[in-house]
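Colleague: So here's target-v2.txt (compact mmCIF, C-alpha atoms).
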```txt
# COMPACT_ATOMS: atom_id res chain seq x y z
CA MET W 108 88.55 99.33 79.62
CA PRO W 109 87.37 102.27 77.45
CA GLN W 110 87.14 105.75 78.91
CA PRO W 111 83.60 106.88 79.72
CA LYS W 112 83.36 109.08 76.63
CA ASP W 113 84.21 106.08 74.43
CA LEU W 114 81.84 103.68 76.17
CA ASP W 115 79.37 101.95 73.85
CA PRO W 116 76.08 102.26 75.74
CA TYR W 117 74.48 99.40 73.85
CA ILE W 118 76.82 96.57 74.82
CA ASP W 119 74.77 95.65 77.87
CA ALA W 120 72.78 97.11 80.75
CA ARG W 121 75.89 98.13 82.64
CA THR W 122 77.42 100.16 79.84
CA PHE W 123 74.03 101.79 79.20
CA TYR W 124 73.90 102.72 82.87
CA GLY W 125 77.44 104.11 82.72
CA ALA W 126 76.77 106.21 79.64
CA GLU W 127 73.46 107.52 80.98
CA SER W 128 74.83 108.38 84.41
CA ARG W 129 77.64 110.34 82.78
CA ARG W 130 75.23 112.12 80.42
CA LEU W 131 72.95 113.12 83.27
CA ARG W 132 75.85 114.32 85.41
CA GLU W 133 77.26 116.47 82.63
CA ALA W 134 73.81 117.86 81.84
CA ALA W 135 73.63 118.95 85.49
CA GLY W 136 76.98 120.71 85.10
CA MET W 137 78.80 118.68 87.77
CA SER W 138 82.14 116.93 87.83
CA GLN W 139 82.46 113.41 89.21
CA THR W 140 83.91 114.83 92.43
CA GLU W 141 81.08 117.35 92.81
CA LEU W 142 78.42 114.70 92.22
CA GLY W 143 80.15 112.32 94.62
CA GLU W 144 80.16 114.94 97.36
CA ARG W 145 76.42 115.44 96.92
CA VAL W 146 75.70 111.72 97.40
CA PHE W 147 78.41 111.13 100.02
CA CYS W 148 80.97 109.15 98.03
CA SER W 149 84.20 109.83 96.15
CA GLY W 150 84.45 111.04 92.59
CA SER W 151 86.41 107.92 91.69
CA TYR W 152 83.48 105.81 92.92
CA ILE W 153 81.18 107.69 90.53
CA GLY W 154 83.78 107.14 87.81
CA GLN W 155 83.69 103.38 88.31
CA PHE W 156 79.97 103.35 87.54
CA GLU W 157 80.36 105.64 84.53
CA SER W 158 83.14 103.51 83.04
CA ALA W 159 81.16 100.30 83.72
CA THR W 160 84.00 98.82 85.76
CA ARG W 161 81.65 98.26 88.69
CA ARG W 162 78.06 97.05 88.93
CA PRO W 163 75.67 99.91 89.69
CA GLN W 164 74.06 99.90 93.12
CA LEU W 165 70.31 100.36 93.60
CA GLU W 166 70.64 102.56 96.68
CA MET W 167 73.14 104.81 94.91
CA SER W 168 70.91 104.91 91.83
CA ARG W 169 67.99 106.09 93.96
CA ALA W 170 70.18 108.82 95.41
CA LEU W 171 71.35 109.92 91.96
CA ASP W 172 67.83 109.90 90.52
CA GLY W 173 66.63 111.96 93.49
CA LEU W 174 69.46 114.47 93.21
CA LEU W 175 69.25 114.81 89.43
CA GLY W 176 65.44 114.78 89.33
CA THR W 177 65.33 111.86 86.89
CA GLY W 178 62.53 109.75 88.39
CA GLU W 179 63.66 106.12 88.09
CA HIS W 180 65.79 106.64 84.99
CA LEU W 181 68.91 105.11 86.54
CA GLN W 182 67.14 102.63 88.79
CA ARG W 183 65.63 100.71 85.85
CA PRO W 184 68.91 99.84 84.06
CA CYS W 185 70.49 99.30 87.49
CA ARG W 186 68.11 96.41 88.16
CA LEU W 187 69.04 94.84 84.81
CA ALA W 188 72.76 95.37 85.37
CA GLN W 189 72.59 93.67 88.76
CA GLU W 190 71.66 90.30 87.26
CA SER W 191 74.42 87.81 88.02
CA LYS W 192 75.15 84.09 87.96
CA VAL W 193 76.12 84.16 91.62
CA ALA W 194 73.95 84.97 94.63
CA GLY W 195 72.95 88.61 94.75
CA TYR W 196 74.66 89.27 98.07
CA PHE W 197 77.95 87.91 96.70
CA ALA W 198 77.81 89.32 93.17
CA ASP W 199 79.67 92.55 93.95
CA ALA W 200 82.38 90.76 95.92
CA ALA W 201 82.87 88.14 93.18
CA GLU W 202 83.16 90.83 90.55
CA LEU W 203 85.63 92.89 92.55
CA GLN W 204 87.86 89.83 92.87
CA LEU W 205 88.42 89.97 89.12
CA ARG W 206 90.24 93.29 89.61
CA ALA W 207 92.07 92.32 92.79
CA THR W 208 95.81 92.28 93.34
CA SER W 209 95.38 90.13 96.44
CA ILE W 210 92.62 88.12 98.11
CA SER W 211 92.94 87.10 101.75
CA SER W 212 90.29 84.79 103.16
CA TYR W 213 89.30 82.95 106.30
CA THR W 214 86.93 79.99 106.11
CA SER W 215 85.76 78.05 109.12
CA MET W 216 84.15 74.90 107.73
CA THR W 217 84.75 74.86 103.98
CA VAL W 218 87.51 75.20 101.41
CA HIS W 219 87.60 78.56 99.63
CA GLY W 220 85.50 78.58 96.44
CA LEU W 221 88.45 79.39 94.16
CA LEU W 222 90.08 76.06 95.11
CA GLN W 223 87.06 73.77 95.27
CA THR W 224 86.74 70.62 93.19
CA GLU W 225 83.56 69.92 91.26
CA SER W 226 82.47 67.07 93.54
CA TYR W 227 83.07 69.13 96.66
CA ALA W 228 81.24 72.16 95.24
CA ARG W 229 78.31 69.95 94.25
CA ALA W 230 78.04 68.46 97.74
CA LEU W 231 78.12 71.91 99.34
CA THR W 232 75.48 73.21 96.95
CA ARG W 233 73.17 70.26 97.56
CA ALA W 234 73.51 70.73 101.32
CA ALA W 235 72.72 74.44 101.09
CA HIS W 236 69.82 73.98 98.64
CA PRO W 237 68.25 70.61 99.53
CA PHE W 238 65.03 71.28 97.59
CA ALA W 239 66.60 72.67 94.40
CA THR W 240 66.34 70.81 91.09
CA ALA W 241 69.33 69.04 89.58
CA GLU W 242 69.46 71.75 86.91
CA VAL W 243 69.73 74.52 89.49
CA ILE W 244 72.40 72.59 91.42
CA GLU W 245 74.50 72.05 88.31
CA GLY W 246 74.15 75.73 87.39
CA HIS W 247 75.63 76.72 90.74
CA VAL W 248 78.43 74.18 90.38
CA GLN W 249 79.30 75.36 86.87
CA THR W 250 79.46 78.96 88.07
CA CYS W 251 81.80 77.92 90.88
CA MET W 252 84.06 76.08 88.45
CA GLU W 253 84.15 79.08 86.11
CA ARG W 254 85.30 81.28 88.98
CA THR W 255 88.29 79.02 89.67
CA GLY W 256 89.66 80.14 86.31
CA LEU W 257 90.64 83.42 87.94
CA LEU W 258 93.80 81.74 89.24
CA ASP W 259 94.87 80.88 85.69
CA SER W 260 94.77 84.50 84.56
CA PRO W 261 98.10 86.19 83.72
CA ASP W 262 97.08 88.84 86.27
CA ALA W 263 95.93 86.35 88.92
CA PRO W 264 95.78 87.89 92.38
CA MET W 265 97.80 86.70 95.33
CA LEU W 266 95.51 84.28 97.20
CA TRP W 267 96.19 83.87 100.92
CA MET W 268 93.88 81.50 102.76
CA VAL W 269 93.50 80.72 106.43
CA ILE W 270 91.30 77.65 106.82
CA HIS W 271 90.21 76.22 110.14
CA GLU W 272 91.28 72.66 110.88
CA ALA W 273 87.61 71.71 111.22
CA ALA W 274 87.20 72.14 107.46
CA LEU W 275 89.77 69.39 106.91
CA LEU W 276 87.76 66.91 108.96
CA LEU W 277 84.18 67.56 107.86
CA PRO W 278 83.29 64.82 105.30
CA VAL W 279 81.62 66.99 102.66
CA GLY W 280 80.39 64.64 99.94
CA GLY W 281 81.90 61.58 101.63
CA GLY W 282 85.41 60.26 102.07
CA ALA W 283 86.36 60.00 98.39
CA ALA W 284 85.19 63.54 97.62
CA MET W 285 87.08 64.90 100.62
CA ALA W 286 90.27 63.02 99.73
CA GLU W 287 90.05 64.49 96.23
CA GLN W 288 89.36 67.99 97.54
CA LEU W 289 92.15 68.03 100.08
CA THR W 290 94.62 66.56 97.60
CA HIS W 291 93.63 69.29 95.14
CA LEU W 292 94.05 71.96 97.82
CA ALA W 293 97.51 70.64 98.69
CA GLU W 294 98.57 70.42 95.03
CA GLN W 295 97.37 73.91 94.20
CA THR W 296 99.05 75.35 97.28
CA ASP W 297 102.30 73.55 96.50
CA SER W 298 102.40 74.33 92.78
CA ARG W 299 101.12 77.90 92.63
CA PRO W 300 103.62 80.44 94.03
CA ARG W 301 100.84 83.02 94.45
CA VAL W 302 98.68 80.72 96.59
CA VAL W 303 99.42 80.46 100.32
CA THR W 304 97.39 78.29 102.70
CA GLN W 305 97.56 78.23 106.48
CA VAL W 306 95.58 75.93 108.76
CA LEU W 307 94.20 77.43 111.98
CA PRO W 308 94.40 74.52 114.44
CA PHE W 309 91.87 73.67 117.13
CA SER W 310 94.59 74.43 119.66
CA ALA W 311 94.41 78.13 118.70
CA GLY W 312 91.12 78.34 120.61
CA ALA W 313 88.79 81.32 120.24
CA HIS W 314 89.52 83.87 117.50
CA PRO W 315 87.79 86.87 115.86
CA PHE W 316 86.23 84.90 113.00
CA LEU W 317 84.43 82.23 114.98
CA HIS W 318 81.05 83.35 113.62
CA ALA W 319 81.71 84.07 109.95
CA SER W 320 83.83 83.48 106.88
CA MET W 321 85.59 86.60 105.67
CA THR W 322 87.46 87.77 102.59
CA LEU W 323 89.67 90.85 102.23
CA THR W 324 90.16 92.09 98.66
CA GLN W 325 92.87 94.59 97.76
CA PHE W 326 93.39 96.57 94.55
CA ALA W 327 96.14 98.54 92.88
CA ASP W 328 93.99 101.64 92.36
CA ALA W 329 91.20 101.52 94.95
CA PRO W 330 90.66 101.04 98.70
CA ALA W 331 90.42 97.50 100.04
CA VAL W 332 87.04 95.95 100.81
CA ALA W 333 85.94 93.11 103.08
CA CYS W 334 83.15 90.60 102.56
CA THR W 335 81.52 88.41 105.18
CA GLU W 336 79.51 85.42 104.00
CA GLY W 337 77.17 82.71 105.22
CA ALA W 338 75.11 80.10 103.38
CA TYR W 339 72.31 82.48 102.38
CA SER W 340 73.57 85.98 103.08
CA GLY W 341 76.61 88.16 103.07
CA GLN W 342 77.78 91.74 103.35
CA LEU W 343 80.25 93.82 101.36
CA VAL W 344 82.07 96.12 103.79
CA GLU W 345 83.64 99.27 102.34
CA ASP W 346 83.90 101.52 105.39
CA PRO W 347 87.68 102.08 105.82
CA LEU W 348 87.60 101.76 109.62
CA LEU W 349 85.72 98.44 109.49
CA VAL W 350 87.93 97.12 106.71
CA GLU W 351 90.99 97.95 108.80
CA GLN W 352 89.44 96.15 111.76
CA TYR W 353 88.94 93.04 109.62
CA ARG W 354 92.51 93.34 108.35
CA SER W 355 93.92 93.51 111.87
CA ALA W 356 91.84 90.51 112.96
CA TYR W 357 93.04 88.59 109.91
CA ASP W 358 96.66 89.36 110.77
CA LEU W 359 96.07 87.88 114.21
CA ALA W 360 94.52 84.75 112.68
CA ARG W 361 97.55 84.30 110.43
CA ALA W 362 99.87 84.77 113.39
CA VAL W 363 98.33 81.88 115.39
CA ALA W 364 97.84 79.59 112.37
CA LEU W 365 100.29 76.86 111.42
CA SER W 366 103.12 77.83 109.10
CA PRO W 367 102.52 77.24 105.36
CA GLU W 368 104.81 74.20 105.48
CA ALA W 369 103.15 72.69 108.54
CA SER W 370 99.74 73.49 107.05
CA LEU W 371 100.56 71.65 103.83
CA HIS W 372 101.60 68.63 105.89
CA ARG W 373 98.33 68.76 107.87
CA ILE W 374 96.25 68.98 104.68
CA THR W 375 97.99 66.03 103.02
CA SER W 376 97.67 64.02 106.22
CA ALA W 377 93.92 64.66 106.33
CA ALA W 378 93.67 63.70 102.64
CA ARG W 379 95.37 60.36 103.33
CA GLU W 380 93.04 59.70 106.26
CA PHE W 381 89.98 60.17 104.06
CA ALA W 382 91.49 58.11 101.24
CA THR W 383 92.12 55.12 103.50
CA SER W 384 88.99 55.34 105.66
```
Go ahead and render the structure in this file as structure tokens.
Modeller:
Amino acid sequence: MPQPKDLDPYIDARTFYGAESRRLREAAGMSQTELGERVFCSGSYIGQFESATRRPQLEMSRALDGLLGTGEHLQRPCRLAQESKVAGYFADAAELQLRATSISSYTSMTVHGLLQTESYARALTRAAHPFATAEVIEGHVQTCMERTGLLDSPDAPMLWMVIHEAALLLPVGGGAAMAEQLTHLAEQTDSRPRVVTQVLPFSAGAHPFLHASMTLTQFADAPAVACTEGAYSGQLVEDPLLVEQYRSAYDLARAVALSPEASLHRITSAAREFATS
């Protein structure tokens, strides 16, 4: 990634935003740290926007425009830079995963998106958007399949998944689709050394993530973030105390889940049940 001073502002809306935010900051005579203190964030956070390594945020852009007296100068390219193939609430989290060293997730009723098959993803999308056109559905599915390529990257993150046993029994897309999905999940878990899957059994009872799916994303050069997600909404959590709370809850979920070996056996068993039903 080029340094801010070498950034070509005309590549896209994000690089234009980065170059302009840096120009305006320097014109105001402030360092990244000084500007960050004025808008209640770190200097490195400002640097991520200026180097176009992170999507600009509308609320932050309003704060910067207000502080620098620039009207809506940064808010306009911010709106363009926020366009994404994935749902708006998930766009930041999906993008941050591209820079992650590890991704730890809990899902209650579905297989994690990075390990979904096309048929399974299509069935989930149709269920969530029952009135969408076939074109819209296929667009969502294609985006999901593109994201699975992250695991094939030379710098692929460690992916640790805790999946509730209920997700192995819910017939998403029918028996054949579920057999294919669970077989794929088992194969990917067994063949990829950087993918670990644990099944949280019904016998574990109540746990902290009963009401939401959650993903923890860690980086080599930045604080960890958490993301909670539902069918139509989600939240990116960056507050260190809340992120630590999610991390502690996730550790507890892993502790009461089946071992990776027992989990793989449970997944393959569920796959056989769907294949023969």
Colleague: Could you check the closest approach to Met167 in chain W for each of W:Val363, W:Ser340, W:Gln155, W:Cys148 and tell me which residue wins, using all atoms listed in the file?
Modeller: W:Cys148
Colleague: Is it possible to get the residues within 10 Å of (88.3, 86.4, 117.3) (coordinates as in the file, counting only C-alpha atoms) written as a PDB file with C-alpha atoms, in the coordinates of the input?
Modeller:
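Wrote it out as result18.pdb, contents follow:
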```pdb
ATOM      1  CA  GLY W 312      91.120  78.340 120.610  1.00  0.00           C
ATOM      2  CA  ALA W 313      88.790  81.320 120.240  1.00  0.00           C
ATOM      3  CA  HIS W 314      89.520  83.870 117.500  1.00  0.00           C
ATOM      4  CA  PRO W 315      87.790  86.870 115.860  1.00  0.00           C
ATOM      5  CA  PHE W 316      86.230  84.900 113.000  1.00  0.00           C
ATOM      6  CA  LEU W 317      84.430  82.230 114.980  1.00  0.00           C
ATOM      7  CA  HIS W 318      81.050  83.350 113.620  1.00  0.00           C
ATOM      8  CA  ALA W 356      91.840  90.510 112.960  1.00  0.00           C
ATOM      9  CA  TYR W 357      93.040  88.590 109.910  1.00  0.00           C
ATOM     10  CA  LEU W 359      96.070  87.880 114.210  1.00  0.00           C
ATOM     11  CA  ALA W 360      94.520  84.750 112.680  1.00  0.00           C
TER      12      ALA W 360
END
```
Colleague: Point out the residue among W:Pro184, W:Gly176, W:Gly143, W:Gly136 with the least atom-to-atom distance to Tyr124 in chain W, counting only C-alpha atoms.
Modeller: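 When distances to Tyr124 in chain W are compared using only C-alpha atoms, the smallest one comes from W:Pro184.
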Colleague: Measure the distance from CA of Arg162 in chain W to CA of Glu202 in chain W in Å and round it to one decimal.
Modeller: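 The value is 8.2 Å.
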Colleague: Once you count all atoms listed in the file, what closest atom pair and distance in Å to one decimal does each residue of range 247-269 of chain W within 12 Å of range 276-298 of chain W have, with rows by chain and rising residue number, as JSON lines?
Modeller:
```
{"residue": "W:Thr255", "atom": "CA", "partner": "W:Gln295", "partner_atom": "CA", "distance": 11.4}
{"residue": "W:Leu258", "atom": "CA", "partner": "W:Gln295", "partner_atom": "CA", "distance": 9.9}
{"residue": "W:Asp259", "atom": "CA", "partner": "W:Gln295", "partner_atom": "CA", "distance": 11.3}
{"residue": "W:Met265", "atom": "CA", "partner": "W:Thr296", "partner_atom": "CA", "distance": 11.6}
{"residue": "W:Leu266", "atom": "CA", "partner": "W:Thr296", "partner_atom": "CA", "distance": 9.6}
{"residue": "W:Trp267", "atom": "CA", "partner": "W:Thr296", "partner_atom": "CA", "distance": 9.7}
{"residue": "W:Met268", "atom": "CA", "partner": "W:Thr296", "partner_atom": "CA", "distance": 9.7}
{"residue": "W:Val269", "atom": "CA", "partner": "W:Thr296", "partner_atom": "CA", "distance": 12.0}
```
Colleague: May I ask which of the residues W:Gln182, W:Asp172, W:Thr240, W:Gln223 is the closest one to Gly256 in chain W, counting all atoms listed in the file?
Modeller: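 The shortest atom-to-atom distance to Gly256 in chain W comes from W:Gln223.
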Colleague: Which residue gives the smallest distance to Ala201 in chain W among W:Gly341, W:Gly154, W:Gly246, W:Gly178, with all atoms listed in the file counted?
Modeller: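 Among the listed residues, W:Gly341 lies closest to Ala201 in chain W.
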Colleague: Find the residues around His219 in chain W up to 9 Å (only C-alpha atoms counted), leave out those fewer than 6 positions away in its own chain, and share them as a PyMOL selection string.
Modeller: chain W and resi 212-213+268+270
Colleague: Figure out the distance between CA of Ser260 in chain W and CA of Met321 in chain W, please, to one decimal in Å.
Modeller: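 Answer for the CA of Met321 in chain W to CA of Ser260 in chain W separation: 23.1 Å.
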Colleague: Using CA of Pro163 in chain W and CA of Ala188 in chain W as the two end points, give the distance in Å to one decimal.
Modeller: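 According to the coordinates, CA of Pro163 in chain W and CA of Ala188 in chain W are separated by 6.9 Å.
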Colleague: Which of these residues is nearest to Phe309 in chain W, using only C-alpha atoms: W:Ala333, W:Ala273, W:Leu371, W:Ala120?
Modeller: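 Of all the options, W:Ala273 lies closest to Phe309 in chain W.
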Colleague: Using only C-alpha atoms, pick whichever of W:Asp346, W:Pro261, W:Phe326, W:Leu275 has the shortest atom-to-atom distance to Glu380 in chain W.
Modeller: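 That would be W:Leu275, the residue with the smallest distance to Glu380 in chain W.
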